[in-house]
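The structure appears below as structure tokens.
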Amino acid sequence: MNHADYLQPILILLFSAIVGITLVQKLRLSPILGYFLAGLVIGPFGLGLIKSSDIIHALAEIGLAFLLFDVGINLSFKMLWEARKDFFGLGPFQIVSTSFIIGLIAYWFVKDLTAAFVIGCGLSLSSTAIAMPVLQDAREQNTPLGRSVVAILIAQDIFVVFLLILLPNLTTGTHNLLVLMGWALLKGIVALLAVSGIGRFLLHPMFSWITATKNSEVFTGSALLFVLAIAWGVSQLGLSLPLGAFLAGLALSESDFCYLVKTEIAPFRGLLLGLFFITIGMSLNWPLAFTAAPIVLGVVAGLVLIKCVLLWVAARLVGYCKGFGLRLGLILSQGDELAFVLFSFAVAQGLVASQTAQLLLLSIGFTMALTPILAKTGGLLSCEIEKNASDSTSNLENTDDGHIIITGFDEIAQEIAKVLEAEGVKYKAFDGNRERIAEARSKGFAVDYSDIHRPKTASLASLGRAKAVVNLLDDPESSLYLADALKQLNPELPVYAATHDMNHYEELSKRNLTDVLVKDKATARIIAGALLRQLEFDENRIQERLGRMIREETSLSAAAAL
């Protein structure tokens with residue numbers, strides 16, 4: 001074969017990817033769908049422009065490796081601890097319950113325990129590549145809803161790593177399944193310890209020396225070398241290449257060079273990951289969607305319903321409101337791109353029938369395409385649910401001591417609440433606008449209805465139940481009333497206030513409050529920093545948290561500019 005012949009499929013892949021992404025961007029859809037579309041068109045079930053080849057599969061596997069590397073490098077133990085309720089609660093509950101129920105249904109049809117296990121586990125996963133852009137488009141990735149989604153997705157990604165270790169050892173026999181699962185877990189722990197040792201004793205000195213050269217090309221090449229070398233080394237131990245990349249990312253996640261490496265590798269990751277999704281599209285037998293339409297539609301509806309219901313139940317069990325649970329379930333109701341890898345491998349090993357896998361893969365593709373619509377529907381429905389669920393009176397008297405109280409839950413209040421939640425500080429928020437309350441509660445914020453003119457509300461807020469009050473009320477009359485009531489009842493209580501109205505600002509300034517600000521982009525950051533200092537947080541930790549807020553503001557501004 002002529003060397004130039006190897007270039008032809010790559011040229012077709014790149015051209016089709018560009019066209020596919022351009023089309024879906026016009027429709028405001030995920031780029032992942034553009035890659036799928038490109039694969040459907042050029043693949044063997046479409047125009048047949050590309051035949052399957054070793055070079056394409058190699059590029060796709062490297063793309064998958066970079067996807068799991070990205071998962072690993074973003075897996076911060078500190079972040080997991082901040083989201084421990086979701087990571088150790090919602091995530092495992094969703095994985096186990098969904099795998100079990102779908103596995104039971106699958107066993108009813110396939111009559112094979114191993115196949116049912118693989119199908120249940122594969123369909124329990126949700127797509128990071130689809131769910132995260134949906135949150136980012138709505139600017140909700142840093143809300144309680146966004147953090148819960150991320151925590152569940154990370155739990156699922158770790159579960160995928162476990163499956164990647166387990167599947168190569170699975171056979172059609174079921175008597176040794178528990179032994180195989182234990183052996184897979186042991187191999188994973190050994191590989192993790194080995195890579196952690198490399199990261200600790202080799203990685204930091206190596207990158208310190210490389211950065212001293214001040215040569216960006218050397219750093220980029222070294223970052224790529226590290227990722228691919230670890231992935232290859234782990235594969236030589238009998239584990240998968242993507243698993244090795246995940247462990248490489250994990251070794252880098254707590255390193256000082258984490259952000260620099262992510263920046264340098266990002267272009268390669270995006271391109272190779274795109275090729276991975278195109279190969280998935282090429283593998284889809286889309287004409288089967290017409291010949292087996294009732295089955296595909298049934299699987300799609302069943303998958304969405306089961307995932308949505310189970311996540312709603314899980315959210316309610318850990319204390320989230322009804323609207324939040326509904327939104328969480330609909331955002332994560334789709335299948336996952338990694339299920340394509342799991343099912344393809346299962347077919348190659350004879351664990352799942354090829355026809356069954358094709359039907360499941362088609363169904364997953366449809367659920368991924370439906371996610372933006374389902375997420376938007378969930379947002380509308382959850383707001384209606386929370387409007388009806390919000391109480392007509394404040395429940396402040398039922399709160400514990402030591403809260404920060406926020407009145408007027410606008411965008412600035414949401415930013416402050418995010419910081420308080422991330423740092424484990426209790427807060428209670430109140431507003432008189434039911435629509436604003438419903439929207440905030442659907443995102444996971446703890447907001448209640450309150451008529452601020454009731455004397456009991458102000459007195460409870462001041463008599464030992466709060467460490468500080470943040471007054472962000474829009475209405476000047478209500479805001480001034482609250483400021484006067486709090487100062488009269490407890491002059492020592494710290495009170496922070498902010499407003500857009502300059503006349504209102506001047507009146508608040510006369511009340512001798514702790515701080516009065518004009519609302520702008522920096523207001524949330526200033527008040528959050530002041531609250532953390534008042535609560536005697538370490539200054540380095542405060543600066544780190546405020547730095548995150550600045551980076552988030554910068555990324556949102558950049559996204560808005562695009």
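Residue numbering restarts at 1 for every chain of the structure tokens, chains are lettered A, B, ... in their displayed order, and ligands are numbered from 1 as they appear.
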
**Message:** Need to verify the contact set: Ala417 in chain A, 12 Å, only C-alpha atoms, exclusion of same-chain residues closer than 2 positions in sequence. Can you return it as number ranges by chain?
**Reply:** A: 142-144, 403-415, 419-430, 440, 443-447, 470, 524-525, 527-528, 531-532

Using DSSP on the backbone coordinates, identify the residues of range 250-486 of chain A assigned to strand (DSSP E); present them as a list in words. His403, Ile404, Ile405, Ile406, Thr407, Tyr427, Lys428, Ala429, Phe430, Asp431, Val447, Asp448, Tyr449, Ala466, Lys467, Ala468, Val469, Val470 and Asn471 of chain A

Of the candidates A:Thr514, A:Ser99, A:Asn285, A:Asn503, which shows the shortest atom-to-atom distance to Leu486 in chain A, using only C-alpha atoms?
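Residue with the minimum atom-to-atom distance to Leu486 in chain A: A:Thr514.
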
All alpha helix (DSSP H) residues (DSSP, backbone) inside range 317-400 of chain A, as a PyMOL selection string:
chain A and resi 317+322-331+337-348+354-389

So what do you get for CA of Ile280 in chain A versus CA of Phe36 in chain A, distance-wise?
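Between CA of Ile280 in chain A and CA of Phe36 in chain A the gap is 6.8 Å.
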
When you look at Pro267 in chain A with a cut-off of 12 Å (counting only C-alpha atoms), what residues show up, excluding the ones that are within fewer than 5 positions of it in the same chain? I need them as a list of chain:residue names.
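Everything that qualifies: A:Gly63, A:Phe66, A:Thr220, A:Leu224, A:Val261, A:Lys262, A:Leu272, A:Leu273, A:Gly274.
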
Between A:Leu252, A:Ala266, A:Val347, A:Leu360, which is the closest to Gly72 in chain A once you count only C-alpha atoms?
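Ranking A:Leu252, A:Ala266, A:Val347, A:Leu360 by distance to Gly72 in chain A, first place goes to A:Leu252.
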
**Item:** A:Ala115, A:Pro372, A:Leu64, A:Phe88 ranked by distance to Asp137 in chain A, top pick (using only C-alpha atoms)
**Value:**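 Comparing A:Ala115, A:Pro372, A:Leu64, A:Phe88 against Asp137 in chain A, the winner is A:Pro372.
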
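Nearest to Ala357 in chain A of all the residues A:Leu310, A:Val318, A:Ile119, A:Val190 is A:Ile119, based on only C-alpha atoms.
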
Correct to one decimal, the distance CA of Lys487 in chain A-CA of Glu536 in chain A is 23.0 Å

Open item on the list: Show me, as JSON, numbers by chain, the residues that have an atom within 12 Å of Ala292 in chain A when counting only C-alpha atoms, minus same-chain residues fewer than 3 positions from it.
Closed with: {"A": [285, 286, 287, 288, 289, 295, 296, 297, 298, 299, 355, 356, 358, 359, 360, 362, 363]}

So the first atom is CA of Leu104 in chain A and the second is CA of Leu123 in chain A; what is the distance between them in Å, to one decimal place?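 Distance between the two atoms: 12.3 Å.
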
Notebook entry, point to check: Hey, which of A:Lys519, A:Ala229, A:Leu11, A:Leu193 ends up closest to Ile62 in chain A? Count only C-alpha atoms.
Noted result: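 Among the listed residues, the smallest separation from Ile62 in chain A belongs to A:Ala229.
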